[in-house]
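Colleague: Let me give you the structure first, and then I'll get to my questions.
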Amino acid sequence: MSAPPPANPADPIVDAYGRRFTYLRISVTDHCNLRCVYCMPEEGVPWLPKDEILSYEEIAQVVEAAAACGVHKIRLTGGEPLTRRELPRLVEMLAAVPGIDDLALTTNGVLLAQQAQALRKAGLKRVNVSLDTLHTEKFARIARGGSLQSVLDGIAEAQKVGLGPIKVNCVVLGGLNDDEAARFAELTVAQPVEMRFIEYMPLEEAKGCAMGSGNFSFIGNDATKRRIEARFGALEALEVGAGMRGPAEVWRIPGAAGRLGFISAMSAPFCAKCDRLRLTATGEVRSCLLDGGGLDLRALLRGGGTREQLLDVFRRAAYLKPEVHKAWDQIPSANMSRIGG
Ligand code: SAM
Ligand code: SF4
């Protein structure tokens with residue numbers, strides 16, 4: 001891939017195909033209190049040494065640099081972001097960065113009921129909560145920790161303190177939870193939530209504990225949508241095709257209060273519209289979750305690098321972004337909990 005052309009400090013971050021980056025997803029920790037079958041082996045992965053993880057001050061410095069050239073949307077993820085101490089302190093620091101107008105969080109929800117209020121007060125705007133089943137026993141099999149009730153309590157508390165509209169993320173796993181698609185969809189009939197069905201992404205690090213061992217099979221979102229339509233009839237298109245604003249195609253059960261999002265990274269990659277950069281827990285900038293590799297920022301941050309130097313790394317990382325990921329041809333070696341899904 002060629003190098004980016006020279007840029008002025010405030011120029012937007014763009015890639016070789018003209019995509020412009022305005023959205024940064026930040027993994028604040030590799031730690032997690034669950035071991036979801038599609039993300040981590042049951043015994044977990046070795047945690048990274050604490051000094052390899054970016055401090056809140058370092059993360060804020062990166063966000064200030066990115067915001068200076070057009071990044072305005074931030075999502076905190078992990079690992080499980082709520083396992084990192086004093087997360088509201090980071091939220092407060094990022095909410096104060098000029099230019100950041102959207103600050104959101106993706107969480108497994110287990111610790112959300114306790115923290116929702118403090119996060120909201122610190123300046124968090126919205127949360128996405130991951131939930132793959134509505135059965136207590138199946139929750140234990142898929143998440144291998146926590147409890148379904150704690151997640152449901154977290155969603156309710158987040159709604160109560162104003163962190164909505166809540167998006168609920170469900171990775172559809174053939175033979176494990178695909179039979180629950182209609183039940184999940186039904187939640188949107190009365191509640192103003194967006195239920196999002198996510199296709200499983202086969203990552204090298206997840207392979208041994210998941211599809212490779214026959215625990216479940218890949219299910220494309222076409223099949224999931226068909227299952228929902230078999231129960232509720234034809235869905236109404238809200239954001240589909242050229243007008244899509246994010247990675248999800250959005251539909252609705254006619255008359256429902258909420259919406260249904262389908263994120264089809266494997267069967268219908270949305271790379272052409274992808275405006276995301278990622279900052280890993282250890283300070284690498286990546287322009288694609290599934291492909292392209294990353295570039296280190298941490299050494300610069302700890303060695304007194306200037307904002308221009310940080311931005312130069314962002315611009316070069318953006319140029320590593322492939323036109324379309326090739327995850328079907330070559331299973332990516334990426335650890336979701338470190339990069340931040
Ligand atoms: N721990 C938080 C959570 O689970 O929401 C945030 C990090 S998690 C890596 C972010 C999202 O990635 C979750 O919605 C999770 O379901 C999704 N995810 C993890 N591994 C995945 C995989 N192999 N394929 C598709 N989605 C995956
Ligand atoms: Fe933890 Fe989220 Fe991965 Fe589940 S998907 S193991 S909650 S990081």
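FYI, nothing fancy with the structure tokens labels: chains A, B, ... in order, residues from 1 per chain, ligands from 1 as they appear.
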Taking only C-alpha atoms and all ligand atoms into account, report as an NGL selection string which residues have an atom no farther than 6 Å from an atom of ligand 2.

Modeller: :A and (32 or 34-36 or 39-40 or 78-80 or 108 or 337)

Colleague: Please extract the residues at most 7 Å from ligand 1, counting only C-alpha atoms and all ligand atoms, and provide them as a VMD selection string, using the chain letters and residue numbers of this document.

Modeller: chain A and resid 32 38 to 39 77 to 81 106 to 108 129 to 130 169 to 171 198 to 203 206 336 to 337 340 to 341

Colleague: For Arg276 of chain A, work out the shell of residues within 12 Å, counting only C-alpha atoms and skipping chain neighbours fewer than 2 positions away, then give it as a count of residues only.

Modeller: 38

Colleague: Extract, using only C-alpha atoms, all DNA, RNA and protein residues at most 9 Å from Ala299 of chain A, discarding same-chain residues fewer than 5 positions from it, and format them as an NGL selection string.

Modeller: :A and (283 or 304-305)

Colleague: For segment 229-240 of chain A, work out the shell of residues within 8 Å, counting only C-alpha atoms and skipping chain neighbours fewer than 5 positions away, then give it as a list in words.

Modeller: Ala182, Arg245, Glu249, Val250, Trp251, Arg252, Ile253 and Pro254 of chain A

Colleague: Can I get the selected residues back with N, CA and C atoms, as an mmCIF file, in the first residue's frame?

Modeller:
data_model
loop_
_atom_site.group_PDB
_atom_site.id
_atom_site.type_symbol
_atom_site.label_atom_id
_atom_site.label_comp_id
_atom_site.auth_asym_id
_atom_site.auth_seq_id
_atom_site.Cartn_x
_atom_site.Cartn_y
_atom_site.Cartn_z
ATOM 1 N N ALA A 182 -36.489 -14.530 16.599
ATOM 2 C CA ALA A 182 -37.827 -13.921 16.632
ATOM 3 C C ALA A 182 -38.159 -13.411 18.032
ATOM 4 N N ARG A 245 -26.504 4.718 7.159
ATOM 5 C CA ARG A 245 -25.603 5.638 7.843
ATOM 6 C C ARG A 245 -24.515 4.911 8.623
ATOM 7 N N GLU A 249 -27.860 -2.535 8.488
ATOM 8 C CA GLU A 249 -29.085 -2.292 7.719
ATOM 9 C C GLU A 249 -30.209 -2.289 8.739
ATOM 10 N N VAL A 250 -31.050 -1.270 8.701
ATOM 11 C CA VAL A 250 -32.055 -1.150 9.749
ATOM 12 C C VAL A 250 -33.458 -1.358 9.195
ATOM 13 N N TRP A 251 -34.202 -2.235 9.848
ATOM 14 C CA TRP A 251 -35.571 -2.581 9.463
ATOM 15 C C TRP A 251 -36.476 -2.435 10.677
ATOM 16 N N ARG A 252 -37.771 -2.586 10.460
ATOM 17 C CA ARG A 252 -38.702 -2.508 11.589
ATOM 18 C C ARG A 252 -39.870 -3.457 11.373
ATOM 19 N N ILE A 253 -40.306 -4.047 12.453
ATOM 20 C CA ILE A 253 -41.574 -4.779 12.398
ATOM 21 C C ILE A 253 -42.646 -3.700 12.263
ATOM 22 N N PRO A 254 -43.528 -3.757 11.270
ATOM 23 C CA PRO A 254 -44.488 -2.668 11.084
ATOM 24 C C PRO A 254 -45.199 -2.316 12.393
#

Colleague: Please return as number ranges by chain: the residues of segment 5-94 of chain A that backbone DSSP assigns to strand (DSSP E or B).

Modeller: A: 13-14, 20-21, 23-27, 73-77

Colleague: Skip Lys121 of chain A itself and residues of its chain fewer than 3 positions away, then list as a PyMOL selection string all residues within 12 Å of it, counting only C-alpha atoms.

Modeller: chain A and resi 87-89+91-92+95+115-118+124-126+158+161-163

Colleague: So what do you get for atom CA of Val28 of chain A versus atom CA of Leu90 of chain A, distance-wise?

Modeller: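 Answer for the atom CA of Val28 of chain A to atom CA of Leu90 of chain A separation: 9.5 Å.
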